[in-house]
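Read through the structure below, which is laid out as structure tokens, and then see the notes.
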Amino acid sequence: MSKQIVTVGKRRKYNKDSLTWVAGKGWQGVVYIYRLDAPGDEKDGWVYVGCTPEEETRKNRWNKPKSKYAGKKIAAARRRYALINFKYTVVDTLYDRDIDKLVEKLEDREKDFIKMFDSFEHGFNSNKGGTGRKGTKISLEEIARRNKTRKDNGFHHTDAAKQKISAASKKRRKTQAEKNKISASNSGKKRTEKMKKAQSDRMKGIEPTAATEGAKKWRDKNGGGYWKGQKMSDEAKANMKAAQQRCAGVKVRAKFIDGTVMDFLTKSDAANHFGVSIAAIDYCIVHKAFSKKAQVWFEKI
């Protein structure tokens, strides 16, 4: 009968038998280095910094020449130099009763030692952040290469993966800081005709996703929009107008010949007051022209 494997951890599952528990302290993890001892070689004294809560398992993997171990730089060094030329030393030992918190502590401490030993610039660590690609900026060339590989191999998410991504995205809400950043990045951008056509082609024949089932049923039964044949209350009109002004309203000032001014919340209000078109107001604003019909100058506030 095979032995049952008991695991711990949420970020990553660890085999309990490969971990070390110390009474009164919790799970044990180490930050270690492998220092190259190769007198006369230009890289003599260079180190690789690593961390793990599974010390013996990690050491066993190192001692197998053909096993995959960490990043490209240490992998190349393991191929070039005999493993016996690397000296193993534990530089720090940490404990925590929560294995996930222990790993976070180890990775932070690992980063400190990478900086201390300068093992990114003059050592065998492939990035400044230690474990994974933390702290590493991927070049545009590398991104393009990966995208090409994915396309060539016909990469695609499974239906189950798509559903999982969709469910997670629906639950997530953007923070105000994220919204402000997106707004700032889009400010001043204009869509090209190609972009407009692409969106139009995508939307053709597609039912608006924002419409509720109730609204769809009402429209199918009565035809047209919800307000067809109904009188909108003054309150509803005021709320709608206020919403339009908040989203896209452009305040306009009308300057008379005698120097007096009149302000309007929207160009539409100004157009209705003077009996001119919105296009005429736009022309006057852009070209700083005098409106003969309204007998005023228009400008944005």
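By convention in this document, the chains of the structure tokens carry letters A, B, ... by their order, each chain's residues are numbered from 1, and ligands are numbered from 1 in the order they are shown.
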Check your understanding: So which residues touch Ile285 of chain A within 12 Å, counting only C-alpha atoms, skipping near sequence neighbours fewer than 6 positions away, as a PyMOL selection string?
Key -> chain A and resi 250-255+267+278-279+291+296-301
Got a sec: who's within 8 Å of Lys25 of chain A, counting only C-alpha atoms, leaving out chain neighbours fewer than 4 positions off, as a PyMOL selection string?
chain A and resi 21+95-97
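The space separating atom CA of Val47 of chain A from atom CA of Ser119 of chain A comes to 6.0 Å.
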Cys51 of chain A proximity check over A:Ser67, A:Thr93, A:Thr192, A:Asn85, using only C-alpha atoms: winner is A:Thr93
